[in-house]
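Undergrad: The file below is entry-v3.csv, CSV, C-alpha atoms:
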chain,number,residue,atom,x,y,z
X,12,MET,CA,22.6,60.9,-55.3
X,13,THR,CA,22.8,63.5,-52.5
X,14,ALA,CA,23.2,62.1,-49.0
X,15,VAL,CA,20.4,62.6,-46.5
X,16,ARG,CA,21.4,64.7,-43.5
X,17,ALA,CA,20.9,62.7,-40.3
X,18,GLU,CA,21.8,63.0,-36.6
X,19,LEU,CA,23.5,60.6,-34.3
X,20,LEU,CA,22.2,61.9,-31.0
X,21,GLU,CA,24.5,61.5,-28.0
X,22,ALA,CA,22.9,62.0,-24.6
X,23,ASP,CA,24.0,61.5,-21.0
X,24,PRO,CA,23.2,58.2,-19.4
X,25,LEU,CA,19.5,58.1,-18.5
X,26,ASP,CA,17.1,55.9,-16.5
X,27,ALA,CA,14.3,54.1,-18.3
X,28,ALA,CA,11.9,57.0,-17.8
X,29,GLY,CA,14.5,59.4,-19.2
X,30,GLN,CA,15.1,57.2,-22.2
X,31,MET,CA,11.4,57.0,-23.1
X,32,ALA,CA,11.0,60.7,-22.5
X,33,LEU,CA,13.9,61.7,-24.7
X,34,ASP,CA,12.7,59.5,-27.6
X,35,GLU,CA,9.2,61.1,-27.4
X,36,ALA,CA,10.7,64.6,-27.2
X,37,VAL,CA,12.8,63.9,-30.4
X,38,LEU,CA,9.7,62.6,-32.1
X,39,GLU,CA,7.8,65.8,-31.2
X,40,GLU,CA,10.5,68.4,-31.5
X,41,GLY,CA,13.2,67.0,-33.8
X,42,ARG,CA,14.2,68.7,-37.0
X,43,GLU,CA,11.8,68.3,-39.9
X,44,GLY,CA,12.9,65.6,-42.3
X,45,VAL,CA,16.0,64.7,-40.4
X,46,PRO,CA,16.4,61.1,-39.2
X,47,VAL,CA,17.8,60.8,-35.7
X,48,LEU,CA,19.6,57.7,-34.4
X,49,ARG,CA,20.4,57.3,-30.7
X,50,PHE,CA,22.0,54.5,-28.8
X,51,TYR,CA,20.9,54.4,-25.2
X,52,ARG,CA,23.4,54.8,-22.4
X,53,TRP,CA,21.8,53.5,-19.2
X,54,SER,CA,21.9,54.8,-15.7
X,55,PRO,CA,22.5,52.8,-13.7
X,56,ALA,CA,24.7,50.8,-16.1
X,57,THR,CA,23.7,47.5,-14.5
X,58,ASP,CA,22.4,44.3,-16.0
X,59,PRO,CA,19.5,44.2,-15.7
X,60,CYS,CA,18.8,48.0,-15.4
X,61,ALA,CA,15.2,48.3,-16.6
X,62,VAL,CA,12.1,46.7,-18.1
X,63,THR,CA,10.0,48.5,-20.7
X,64,PHE,CA,6.7,47.2,-22.0
X,65,GLY,CA,4.4,48.1,-24.8
X,66,TYR,CA,1.8,50.9,-25.0
X,67,SER,CA,-1.2,48.6,-24.7
X,68,GLN,CA,0.2,46.0,-22.3
X,69,SER,CA,-1.0,45.6,-18.7
X,70,TYR,CA,1.3,46.7,-15.9
X,71,ALA,CA,0.4,43.5,-14.0
X,72,GLY,CA,1.5,41.4,-17.0
X,73,ALA,CA,4.8,43.2,-17.3
X,74,GLU,CA,5.4,43.0,-13.6
X,75,ALA,CA,4.7,39.2,-13.7
X,76,ALA,CA,7.1,38.8,-16.6
X,77,ALA,CA,9.8,40.7,-14.8
X,78,ARG,CA,9.3,38.7,-11.6
X,79,ALA,CA,9.5,35.4,-13.6
X,80,ARG,CA,12.7,36.5,-15.3
X,81,LEU,CA,14.5,38.6,-12.7
X,82,GLY,CA,13.2,37.0,-9.4
X,83,GLY,CA,13.9,39.4,-6.6
X,84,VAL,CA,15.9,41.9,-8.6
X,85,SER,CA,14.0,45.2,-8.6
X,86,VAL,CA,14.2,47.4,-11.7
X,87,PRO,CA,12.0,50.2,-13.0
X,88,LEU,CA,9.1,49.1,-15.2
X,89,VAL,CA,8.2,51.8,-17.7
X,90,ARG,CA,5.5,51.8,-20.3
X,91,ARG,CA,6.7,52.8,-23.8
X,92,ALA,CA,4.9,55.0,-26.3
X,93,THR,CA,5.5,52.3,-28.9
X,94,GLY,CA,3.7,49.0,-29.2
X,95,GLY,CA,5.2,45.6,-28.8
X,96,GLY,CA,6.1,43.4,-25.8
X,97,VAL,CA,8.1,43.3,-22.6
X,98,VAL,CA,11.8,44.1,-23.1
X,99,PHE,CA,14.6,43.4,-20.5
X,100,HIS,CA,17.3,46.0,-20.7
X,101,GLY,CA,20.9,45.8,-19.5
X,102,SER,CA,23.0,43.6,-21.8
X,103,ASP,CA,21.1,44.6,-24.9
X,104,VAL,CA,22.1,47.4,-27.3
X,105,THR,CA,19.0,49.6,-27.1
X,106,PHE,CA,18.5,52.2,-29.8
X,107,SER,CA,15.9,54.5,-31.2
X,108,LEU,CA,15.3,56.0,-34.6
X,109,VAL,CA,13.1,58.9,-35.4
X,110,PHE,CA,12.4,59.2,-39.1
X,111,PRO,CA,10.0,60.8,-41.6
X,112,TRP,CA,6.9,58.6,-42.0
X,113,PRO,CA,4.8,61.1,-44.0
X,114,THR,CA,2.4,58.6,-45.7
X,115,LEU,CA,0.4,56.2,-43.6
X,116,SER,CA,1.7,52.7,-44.5
X,117,ASP,CA,1.8,49.2,-43.2
X,118,PRO,CA,4.1,49.0,-40.2
X,119,SER,CA,5.5,45.7,-41.3
X,120,LEU,CA,7.0,47.5,-44.3
X,121,VAL,CA,8.7,50.0,-41.9
X,122,TYR,CA,10.1,47.2,-39.9
X,123,LYS,CA,11.4,45.6,-43.0
X,124,ASP,CA,13.0,48.8,-44.2
X,125,ILE,CA,14.8,49.4,-40.9
X,126,HIS,CA,15.8,45.7,-40.2
X,127,LEU,CA,17.0,45.3,-43.8
X,128,ALA,CA,19.3,48.3,-43.3
X,129,VAL,CA,20.7,46.8,-40.1
X,130,HIS,CA,21.1,43.4,-41.8
X,131,LEU,CA,23.2,45.1,-44.5
X,132,GLY,CA,25.4,46.6,-41.7
X,133,PHE,CA,26.0,43.2,-40.2
X,134,LYS,CA,26.6,41.7,-43.7
X,135,ALA,CA,29.3,44.2,-44.5
X,136,GLY,CA,31.1,43.0,-41.3
X,137,GLY,CA,30.7,39.4,-42.3
X,138,VAL,CA,27.9,38.6,-39.8
X,139,ALA,CA,25.0,36.6,-41.2
X,140,THR,CA,21.5,37.6,-40.3
X,141,GLY,CA,18.1,37.5,-42.0
X,142,LEU,CA,14.6,38.8,-41.6
X,143,TRP,CA,12.3,36.3,-39.9
X,144,SER,CA,9.7,35.5,-42.6
X,145,PRO,CA,7.5,32.6,-41.4
X,146,SER,CA,4.9,31.2,-43.8
X,147,ARG,CA,2.3,31.8,-41.1
X,148,ALA,CA,2.6,34.6,-38.5
X,149,PRO,CA,2.5,33.0,-35.1
X,150,GLY,CA,0.8,35.9,-33.3
X,151,LEU,CA,2.4,38.4,-30.9
X,152,ARG,CA,3.8,37.2,-27.6
X,153,PRO,CA,3.9,39.2,-24.4
X,154,ASP,CA,7.7,38.9,-24.1
X,155,CYS,CA,9.5,40.5,-27.0
X,156,PHE,CA,12.4,38.1,-27.1
X,157,ALA,CA,10.4,34.9,-26.3
X,158,ALA,CA,10.5,34.1,-30.1
X,159,PRO,CA,11.0,36.1,-33.3
X,160,GLU,CA,8.1,37.9,-34.9
X,161,PRO,CA,7.8,38.5,-38.6
X,162,LYS,CA,10.5,40.9,-39.9
X,163,ASP,CA,12.6,40.6,-36.8
X,164,LEU,CA,16.3,40.2,-37.4
X,165,VAL,CA,17.4,36.6,-36.7
X,166,THR,CA,20.6,34.5,-36.9
X,167,PRO,CA,20.8,31.8,-39.5
X,168,GLU,CA,19.6,29.4,-36.8
X,169,GLY,CA,16.5,31.5,-36.2
X,170,THR,CA,17.5,33.1,-32.9
X,171,LYS,CA,16.1,36.6,-32.5
X,172,ALA,CA,18.8,39.2,-32.6
X,173,LEU,CA,16.8,42.4,-33.0
X,174,GLY,CA,13.2,43.3,-32.3
X,175,GLY,CA,11.6,46.7,-32.4
X,176,ALA,CA,8.4,48.6,-31.9
X,177,LEU,CA,6.9,51.7,-33.5
X,178,ARG,CA,4.9,54.9,-32.9
X,179,ARG,CA,3.6,57.1,-35.7
X,180,ARG,CA,2.7,60.7,-34.9
X,181,ARG,CA,2.2,63.7,-37.2
X,182,GLY,CA,4.1,62.3,-40.2
X,183,ARG,CA,7.0,61.0,-38.1
X,184,GLY,CA,7.9,57.6,-36.9
X,185,LEU,CA,9.6,56.4,-33.7
X,186,TYR,CA,11.3,53.0,-33.7
X,187,GLN,CA,12.7,51.6,-30.5
X,188,GLY,CA,14.9,48.6,-31.0
X,189,SER,CA,16.6,46.1,-28.7
X,190,LEU,CA,19.6,44.2,-30.2
X,191,ARG,CA,21.3,41.2,-28.6
X,192,PRO,CA,24.9,41.4,-29.8
X,193,GLU,CA,25.9,38.2,-28.0
X,194,VAL,CA,23.8,36.0,-30.2
X,195,LEU,CA,25.7,37.4,-33.2
X,196,GLY,CA,29.1,36.9,-31.5
X,197,LEU,CA,29.7,40.6,-31.3
X,198,ASP,CA,30.4,43.1,-28.6
X,199,ALA,CA,28.2,46.2,-28.1
X,200,PRO,CA,30.5,48.7,-29.9
X,201,ALA,CA,30.7,46.4,-33.0
X,202,ALA,CA,26.9,46.1,-33.0
X,203,ARG,CA,26.5,49.8,-32.7
X,204,ARG,CA,28.8,50.4,-35.6
X,205,ALA,CA,27.0,47.9,-37.7
X,206,VAL,CA,23.6,49.5,-37.1
X,207,THR,CA,25.0,53.0,-37.9
X,208,GLU,CA,26.8,51.9,-41.0
X,209,GLY,CA,23.8,49.8,-42.2
X,210,LEU,CA,21.4,52.7,-41.9
X,211,ALA,CA,24.0,55.1,-43.4
X,212,VAL,CA,24.3,52.9,-46.5
X,213,ALA,CA,20.7,51.8,-46.9
X,214,TRP,CA,19.2,55.3,-46.3
X,215,LYS,CA,22.1,57.2,-47.9
X,216,ALA,CA,22.4,59.0,-44.6
X,217,LEU,CA,25.3,61.1,-43.4
X,218,PHE,CA,25.2,61.0,-39.6
X,219,GLU,CA,26.4,64.0,-37.7
X,220,ARG,CA,27.1,63.6,-34.0
X,221,ARG,CA,24.9,66.0,-31.9
X,222,GLU,CA,23.7,66.6,-28.4
X,223,PRO,CA,20.0,67.2,-27.7
X,224,GLU,CA,19.0,70.7,-28.4
X,225,PRO,CA,17.8,72.7,-25.4
X,226,ARG,CA,14.2,72.6,-26.4
X,227,VAL,CA,14.3,68.9,-26.9
X,228,ALA,CA,16.1,68.4,-23.6
X,229,ALA,CA,13.5,70.6,-21.8
X,230,ARG,CA,10.6,68.7,-23.4
X,231,ALA,CA,12.2,65.4,-22.4
X,232,ALA,CA,12.6,66.6,-18.8
X,233,ALA,CA,8.9,67.5,-18.7
X,234,LEU,CA,7.8,64.2,-20.2
X,235,ARG,CA,10.0,62.2,-17.8
X,236,ALA,CA,8.5,64.0,-14.8
X,237,GLU,CA,4.9,64.3,-16.0
X,238,ARG,CA,4.5,61.0,-17.8
X,239,TYR,CA,7.1,58.3,-17.6
X,240,LEU,CA,7.8,58.4,-13.9
X,241,THR,CA,4.1,58.4,-13.0
X,242,ASP,CA,1.7,55.6,-12.0
X,243,ARG,CA,-0.9,57.4,-14.1
X,244,TRP,CA,1.0,56.5,-17.2
X,245,ASN,CA,2.8,53.2,-16.2
X,246,ARG,CA,-0.1,51.7,-14.4
X,247,ARG,CA,-2.9,53.0,-16.7
X,248,ARG,CA,-3.8,49.5,-17.7
W,107,MET,CA,-24.2,53.9,-39.5
W,108,PRO,CA,-22.9,56.5,-41.9
W,109,GLN,CA,-22.3,55.8,-45.6
W,110,PRO,CA,-18.7,56.8,-46.6
W,111,GLU,CA,-20.1,59.3,-49.1
W,112,LYS,CA,-21.9,61.2,-46.3
W,113,CYS,CA,-18.7,61.6,-44.3
W,114,ARG,CA,-16.0,64.3,-44.4
W,115,TYR,CA,-12.3,63.3,-44.3
W,116,THR,CA,-9.0,64.6,-42.9
W,117,LYS,CA,-5.6,64.2,-44.5
W,118,SER,CA,-4.7,62.0,-41.5
W,119,HIS,CA,-7.5,59.6,-42.5
W,120,GLU,CA,-10.2,60.2,-39.9
W,121,TRP,CA,-13.8,60.6,-41.0
W,122,ILE,CA,-16.6,62.6,-39.3
W,123,VAL,CA,-20.3,62.8,-39.9
W,124,VAL,CA,-22.7,65.1,-38.1
W,125,GLU,CA,-26.2,63.7,-37.4
W,126,GLY,CA,-28.7,65.3,-35.1
W,127,GLY,CA,-26.3,67.6,-33.3
W,128,GLU,CA,-23.8,64.8,-32.6
W,129,ALA,CA,-20.8,63.9,-34.7
W,130,LEU,CA,-19.5,60.4,-35.1
W,131,VAL,CA,-15.8,59.9,-35.7
W,132,GLY,CA,-13.8,56.9,-37.1
W,133,ILE,CA,-10.9,56.1,-39.4
W,134,SER,CA,-11.2,55.4,-43.1
W,135,ASP,CA,-11.1,52.0,-44.8
W,136,HIS,CA,-7.8,53.0,-46.3
W,137,ALA,CA,-6.4,53.8,-42.9
W,138,GLN,CA,-7.5,50.5,-41.3
W,139,HIS,CA,-6.0,48.6,-44.3
W,140,GLU,CA,-2.6,50.3,-43.9
W,141,ILE,CA,-2.5,50.1,-40.1
W,142,SER,CA,-3.3,46.4,-40.5
W,143,ASP,CA,-4.5,44.0,-37.8
W,144,VAL,CA,-5.7,46.2,-34.9
W,145,VAL,CA,-5.1,44.7,-31.5
W,146,PHE,CA,-5.9,47.6,-29.2
W,147,VAL,CA,-7.8,50.9,-29.3
W,148,ASP,CA,-7.2,53.6,-26.7
W,149,LEU,CA,-10.2,55.9,-26.7
W,150,PRO,CA,-10.6,59.4,-25.0
W,151,LYS,CA,-12.6,59.8,-21.9
W,152,ALA,CA,-16.2,61.1,-22.3
W,153,GLY,CA,-16.3,64.7,-21.3
W,154,ARG,CA,-12.9,65.6,-22.7
W,155,ALA,CA,-12.8,68.7,-24.9
W,156,VAL,CA,-10.7,68.3,-28.0
W,157,THR,CA,-9.4,70.8,-30.5
W,158,GLN,CA,-9.2,70.2,-34.2
W,159,GLY,CA,-6.1,68.1,-35.0
W,160,GLU,CA,-5.5,67.1,-31.4
W,161,GLY,CA,-4.4,63.6,-30.7
W,162,ALA,CA,-7.6,62.0,-29.4
W,163,ALA,CA,-7.1,58.2,-29.7
W,164,VAL,CA,-4.4,55.6,-30.3
W,165,VAL,CA,-4.7,52.5,-32.4
W,166,GLU,CA,-2.2,49.7,-32.1
W,167,SER,CA,-1.5,47.0,-34.6
W,168,VAL,CA,1.6,45.0,-35.3
W,169,LYS,CA,3.8,46.3,-32.5
W,170,ALA,CA,3.0,49.8,-33.9
W,171,ALA,CA,0.9,52.5,-32.2
W,172,PHE,CA,-0.8,55.2,-34.4
W,173,ASP,CA,-2.1,58.5,-33.2
W,174,ILE,CA,-5.6,59.3,-34.3
W,175,TYR,CA,-6.7,63.0,-34.4
W,176,ALA,CA,-9.9,64.9,-33.7
W,177,PRO,CA,-11.3,66.0,-37.1
W,178,ALA,CA,-13.0,69.0,-35.5
W,179,ALA,CA,-13.2,70.7,-32.1
W,180,GLY,CA,-15.8,69.4,-29.7
W,181,THR,CA,-16.5,67.5,-26.6
W,182,VAL,CA,-16.3,63.7,-26.4
W,183,SER,CA,-19.8,62.5,-25.6
W,184,ALA,CA,-19.4,58.8,-26.0
W,185,VAL,CA,-16.9,56.2,-27.1
W,186,ASN,CA,-17.5,52.9,-28.8
W,187,PRO,CA,-17.6,50.3,-26.0
W,188,ALA,CA,-17.4,47.4,-28.4
W,189,LEU,CA,-13.8,48.1,-29.4
W,190,ALA,CA,-12.5,47.2,-26.0
W,191,GLY,CA,-13.4,43.6,-26.4
W,192,ASP,CA,-13.2,43.4,-30.2
W,193,PRO,CA,-10.6,45.9,-31.5
W,194,ALA,CA,-10.6,44.1,-34.9
W,195,LEU,CA,-14.1,45.7,-35.5
W,196,LEU,CA,-12.0,48.6,-36.8
W,197,ASN,CA,-10.7,46.4,-39.5
W,198,ARG,CA,-13.9,44.7,-40.3
W,199,ASP,CA,-16.3,47.7,-40.3
W,200,PRO,CA,-14.4,51.0,-40.1
W,201,HIS,CA,-17.5,53.0,-41.3
W,202,GLY,CA,-19.9,51.1,-39.1
W,203,GLU,CA,-19.5,49.1,-35.9
W,204,GLY,CA,-15.9,50.2,-35.8
W,205,TRP,CA,-16.6,53.9,-35.1
W,206,LEU,CA,-14.4,55.4,-32.4
W,207,PHE,CA,-16.1,58.2,-30.5
W,208,LYS,CA,-18.8,60.8,-30.7
W,209,LEU,CA,-18.4,64.6,-30.3
W,210,THR,CA,-21.0,67.2,-29.3
W,211,GLY,CA,-20.7,70.9,-29.9
W,212,VAL,CA,-18.6,70.5,-33.0
W,213,ASP,CA,-17.6,73.4,-35.1
W,214,LEU,CA,-19.6,72.8,-38.3
W,215,LYS,CA,-17.4,75.2,-40.3
W,216,GLN,CA,-14.4,73.0,-39.5
W,217,VAL,CA,-16.4,69.9,-40.6
W,218,ASP,CA,-17.5,71.6,-43.9
W,219,ALA,CA,-14.0,72.5,-44.7
W,220,LEU,CA,-12.8,68.9,-44.6
W,221,MET,CA,-12.6,66.7,-47.7
W,222,THR,CA,-15.6,65.0,-49.3
W,223,LEU,CA,-15.3,61.4,-50.2
W,224,ALA,CA,-14.4,62.3,-53.8
W,225,GLN,CA,-11.8,64.8,-52.7
W,226,TYR,CA,-10.4,62.2,-50.2
W,227,GLN,CA,-10.1,59.6,-52.9
W,228,ASP,CA,-8.3,62.1,-55.1
W,229,PHE,CA,-6.0,62.9,-52.1
W,230,LEU,CA,-5.2,59.2,-51.7
W,231,LYS,CA,-4.2,59.0,-55.4
W,232,THR,CA,-1.8,61.9,-55.1
W,233,ALA,CA,-0.5,60.9,-51.7
W,234,HIS,CA,0.7,57.5,-53.0
Please, can you express the file's structure as structure tokens?

TA:
Amino acid sequence: MTAVRAELLEADPLDAAGQMALDEAVLEEGREGVPVLRFYRWSPATDPCAVTFGYSQSYAGAEAAARARLGGVSVPLVRRATGGGVVFHGSDVTFSLVFPWPTLSDPSLVYKDIHLAVHLGFKAGGVATGLWSPSRAPGLRPDCFAAPEPKDLVTPEGTKALGGALRRRRGRGLYQGSLRPEVLGLDAPAARRAVTEGLAVAWKALFERREPEPRVAARAAALRAERYLTDRWNRRR
Amino acid sequence: MPQPEKCRYTKSHEWIVVEGGEALVGISDHAQHEISDVVFVDLPKAGRAVTQGEGAAVVESVKAAFDIYAPAAGTVSAVNPALAGDPALLNRDPHGEGWLFKLTGVDLKQVDALMTLAQYQDFLKTAH
């Protein structure tokens, strides 16, 4: 079978608004039919460095969650284009995946597809994970990592290792994932390798390293300034 | 509320029906089924002018947000206030109480060019 051409996008370190903007720019402007995987490099590279929260969540709720977790540490709070809950960034391996999603389908099947690929990547390296499949869904929680949700990647003990959120726009999907390598006994480079290799095998994808094209970078700069840095977007609810 | 057979459909699964100079817009039963349990609906502001195919609303289900497009050009004249408190209306009654927004000044030629229910059902068969 012919390998699917895919891109491993390498961008400069970005703040939270810049990360969100670049993901949305790739969703809008990326090459037709070409999956794009990107591991975030954060600026500043501190832990914590940022908090992101889901498209429909309230700013006040995210702010309260950040205060409870981080105390007096002030980090940017940025609303995502994807759904889901509050995610604390810094020690996590954050990554995004833009992929063809031509036919409207149940998002839980998309999570399963992506997380199964990552599971296979860890399995190849001898790290056991599984997809959380409770007999009864517990209902979504405001904090993404408070407990696993169905189809999240978990350790054999049931600790959440990877959660993600999705956006579907014009036949393409954006997945934004947060992986906790420490719960798998891995460092960040090993976790990134496992994700890449898992997706490469499961999707028969041949990843080529690339930098953002000028039109993508320009769109990302505009989205950062006009959306993700603004109260109009972040405090809209 | 409009019967499915009286509506026109887009390939992105919105429906539209024009009644008395105003068009009602929603998403199809197929779409609500695939999107699954809706937890939030973000509707356009009344008075906003939209072009055909423009992203006009967002529906969020299981940690996933979906763009919803205007089936025809027009001006948003009203949105469904019931969805703010009960977004699952979209799942329970997508062709009735779960309507999304109303448009005035719609381009009727654009509406007429959309799929009938029979054509939409054929489209669903070929798209899956």

Undergrad: Give me, as a ChimeraX atom specification, the contact residues of chain W against chain X at a cut-off of 6 Å, counting all atoms listed in the file.

TA: /W:140-141,169-173

Undergrad: Could you name the residues that touch W:Pro200 at 9 Å or less, counting all atoms listed in the file, but leaving out those on the same chain fewer than 5 positions away, as an NGL selection string?

TA: :W and (132-135 or 137-138 or 195 or 205-206)

Undergrad: Write a file of the just-selected residues containing C-alpha atoms, as a tab-separated table (two decimals), in the coordinates of the input.

TA:
chain	number	residue	atom	x	y	z
W	132	GLY	CA	-13.80	56.90	-37.10
W	133	ILE	CA	-10.90	56.10	-39.40
W	134	SER	CA	-11.20	55.40	-43.10
W	135	ASP	CA	-11.10	52.00	-44.80
W	137	ALA	CA	-6.40	53.80	-42.90
W	138	GLN	CA	-7.50	50.50	-41.30
W	195	LEU	CA	-14.10	45.70	-35.50
W	205	TRP	CA	-16.60	53.90	-35.10
W	206	LEU	CA	-14.40	55.40	-32.40

Undergrad: Distance atom CA of W:Ala163-atom CA of W:Phe207, one decimal place?

TA: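 Atom CA of W:Phe207 lies at a distance of 9.0 Å from atom CA of W:Ala163.
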
Undergrad: Between atom CA of X:Ala22 and atom CA of X:Arg247, what is the distance, to one decimal in Å?

TA: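 Interatomic distance, atom CA of X:Ala22 to atom CA of X:Arg247: 28.4 Å.
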
Undergrad: Using all atoms listed in the file, pick whichever of X:Leu33, X:Ala73, X:Ala202, X:Leu234 has the shortest atom-to-atom distance to X:Leu108.

TA: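 Of all the options, X:Leu33 lies closest to X:Leu108.
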
Undergrad: Quote the spacing between atom CA of X:Asp124 and atom CA of W:Val147 in Å to one decimal place.

TA: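 Answer for the atom CA of X:Asp124 to atom CA of W:Val147 separation: 25.7 Å.
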
Undergrad: Choose the residue, out of X:Leu173, X:Leu20, X:Leu131, X:Leu38, that has the smallest atom-to-atom separation from X:Val212; count all atoms listed in the file.

TA: X:Leu131

Undergrad: Point out the residue among X:Asp103, X:Asp58, X:Glu39, X:Glu18 with the least atom-to-atom distance to X:Ala199, counting all atoms listed in the file.

TA: X:Asp103

Undergrad: Which residues are near X:Thr140? Cut-off 12 Å, all atoms listed in the file, ignore same chain within fewer than 4 positions. Put them as a list of chain:residue names.

TA: X:His126, X:Leu127, X:Ala128, X:Val129, X:His130, X:Leu131, X:Gly132, X:Phe133, X:Lys134, X:Ala135, X:Gly136, X:Lys162, X:Asp163, X:Leu164, X:Val165, X:Thr166, X:Pro167, X:Glu168, X:Gly169, X:Thr170, X:Lys171, X:Ala172, X:Leu173, X:Pro192, X:Val194, X:Leu195, X:Gly196, X:Ala205

Undergrad: Considering all atoms listed in the file, can you say which of W:Gly202, W:Pro193, W:Gly159, W:Gly180 comes closest to W:Ser118?

TA: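 Answer, going by the shortest atom-to-atom distance: W:Gly159.
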
Undergrad: With a distance cut-off of 10 Å and only C-alpha atoms, select the neighbouring residues of W:Pro150, excluding the residue or stretch itself and same-chain residues fewer than 6 positions from it, and output the selection as a PyMOL selection string.

TA: chain W and resi 156+161-164+182-185+206-207

Undergrad: Find the residue from W:Ala194, W:Ala176, W:Leu209, W:Ile122 that sits nearest to W:Met221; use all atoms listed in the file when measuring.

TA: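 Using all atoms listed in the file, W:Met221 sits closest to W:Ile122.
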
Undergrad: May I have the centre and edge lengths, in Å to one decimal, of an axis-aligned box around the listed atoms of stretch 156-167 of chain W with 3 Å added to every side, as AutoDock Vina command-line options?

TA:
--center_x -6.1 --center_y 58.9 --center_z -31.5 --size_x 15.2 --size_y 29.8 --size_z 13.0

Undergrad: Identify, on the basis of all atoms listed in the file, every residue whose closest approach to W:Ala179 does not exceed 8 Å; exclude the query and any residue fewer than 6 positions from it along the same chain; express the result as a JSON list (two decimals) with C-alpha atoms, keeping the file's coordinate frame.

TA:
[["chain", "number", "residue", "atom", "x", "y", "z"],
["W", 155, "ALA", "CA", -12.80, 68.70, -24.90],
["W", 156, "VAL", "CA", -10.70, 68.30, -28.00],
["W", 157, "THR", "CA", -9.40, 70.80, -30.50],
["W", 158, "GLN", "CA", -9.20, 70.20, -34.20],
["W", 211, "GLY", "CA", -20.70, 70.90, -29.90],
["W", 212, "VAL", "CA", -18.60, 70.50, -33.00],
["W", 213, "ASP", "CA", -17.60, 73.40, -35.10],
["W", 216, "GLN", "CA", -14.40, 73.00, -39.50]]

Undergrad: Which is closest to X:Thr63 among X:Gly82, X:Asn245, X:Val47, X:Phe218, if we use only C-alpha atoms?

TA: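 Of the candidates, the smallest distance to X:Thr63 is held by X:Asn245.
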